[in-house]
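Below is one structure; the comments refer to it alone.
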Amino acid sequence: MSGNFFLLNLHSVKMAKHKKHKKGSFDTPEYRKLVGDIRKIIDEAAARGVDITKRSDILSCCHCGAYEDETYEGERIICSRRDQRMREGEFILIDRRERSYHRGAITYYKTTYEFICTACGTQQEEIVRDWLED
């Protein structure tokens, strides 16, 4: 093997941004039904082998404090603010925007997730910033 070696460092920073919404708008039965319908569509697609929500970042809700976690088996679960397991599953991902740029020996990445917390129904954004040094 030749002497061509390089060092990779991956760093990650998460920034939650609470999406503005009308107070109580996510507490209506119609909104809860819509969230449930979206979840059913995603679950049906997954049952047919379509993986539309594959991501490595773990999201958290800035409204109720719930957050996603991963078990040793690799399954996603949702936990409460007090580290109690609430249920299996993950937040409903609405949109994902990625941006990257290179400066010197560092590549910077910014991923913006727009999602709905399945614990409280709040729609929000979370920004994850990574950088890779080679």
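In the structure tokens, chains take letters A, B, ... by order of appearance, with residues numbered from 1 within each chain and ligands from 1 in the order shown.
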
Contacts between range 113-130 of chain A and range 36-70 of chain A, please, where a residue of range 36-70 of chain A counts if it comes within 12 Å (with only C-alpha atoms); show its shortest atom pair and distance in Å to one decimal, rows by chain and ascending number, as a Markdown table.
| residue | atom | partner | partner_atom | distance |
| --- | --- | --- | --- | --- |
| A:Gly36 | CA | A:Thr118 | CA | 8.7 |
| A:Asp37 | CA | A:Thr118 | CA | 11.9 |
| A:Ile38 | CA | A:Ile116 | CA | 10.1 |
| A:Arg39 | CA | A:Thr118 | CA | 8.9 |
| A:Thr53 | CA | A:Phe115 | CA | 10.8 |
| A:Arg55 | CA | A:Tyr113 | CA | 10.3 |
| A:Ser56 | CA | A:Val128 | CA | 10.9 |
| A:Asp57 | CA | A:Val128 | CA | 7.8 |
| A:Ile58 | CA | A:Val128 | CA | 9.5 |
| A:Leu59 | CA | A:Glu126 | CA | 7.2 |
| A:Ser60 | CA | A:Glu126 | CA | 8.0 |
| A:Cys61 | CA | A:Cys117 | CA | 6.2 |
| A:Cys62 | CA | A:Gln124 | CA | 8.1 |
| A:His63 | CA | A:Thr122 | CA | 7.0 |
| A:Cys64 | CA | A:Cys120 | CA | 6.6 |
| A:Gly65 | CA | A:Ala119 | CA | 9.3 |
| A:Ala66 | CA | A:Ala119 | CA | 6.8 |
| A:Tyr67 | CA | A:Cys117 | CA | 8.6 |
| A:Glu68 | CA | A:Cys117 | CA | 9.7 |

(request) Would you please extract all strand (DSSP E or B) residues from range 48-83 of chain A, as assigned by DSSP on the backbone, and give them as number ranges by chain? (result) A: 60, 67-70, 76-79

(request) For CA of Gly74 in chain A and CA of Ile42 in chain A, quote the distance in Å rounded to one decimal. (result) 18.5 Å

(request) Would you kindly return, as a PyMOL selection string, each protein, DNA or RNA residue with an atom no farther than 9 Å from any atom of Arg99 in chain A, considering only C-alpha atoms and excluding same-chain residues fewer than 5 positions away? (result) chain A and resi 108-112

Saved selection, atoms kept: C-alpha atoms, as an mmCIF file, in the first residue's frame:
data_model
loop_
_atom_site.group_PDB
_atom_site.id
_atom_site.type_symbol
_atom_site.label_atom_id
_atom_site.label_comp_id
_atom_site.auth_asym_id
_atom_site.auth_seq_id
_atom_site.Cartn_x
_atom_site.Cartn_y
_atom_site.Cartn_z
ATOM 1 C CA TYR A 108 -19.335 22.127 4.804
ATOM 2 C CA TYR A 109 -22.809 20.571 4.681
ATOM 3 C CA LYS A 110 -26.147 22.074 5.703
ATOM 4 C CA THR A 111 -29.293 19.952 5.769
ATOM 5 C CA THR A 112 -32.635 21.549 6.603
#

(message) Rounded to one decimal, what separation in Å do you get between CA of Ala45 in chain A and CA of Glu90 in chain A?
(response) 14.7 Å

(request) Go through A:Ile92, A:Arg48, A:Glu133, A:Ile41 and flag the residue nearest Ile106 in chain A, using only C-alpha atoms for the distances. (result) A:Glu133

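Straight-line separation from CA of Met86 in chain A to CA of Asp69 in chain A: 10.7 Å.
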
(request) Measuring atom to atom with only C-alpha atoms, identify which of A:Asp134, A:Ala46, A:Leu34, A:Thr28 is nearest to Gly104 in chain A. (result) A:Asp134
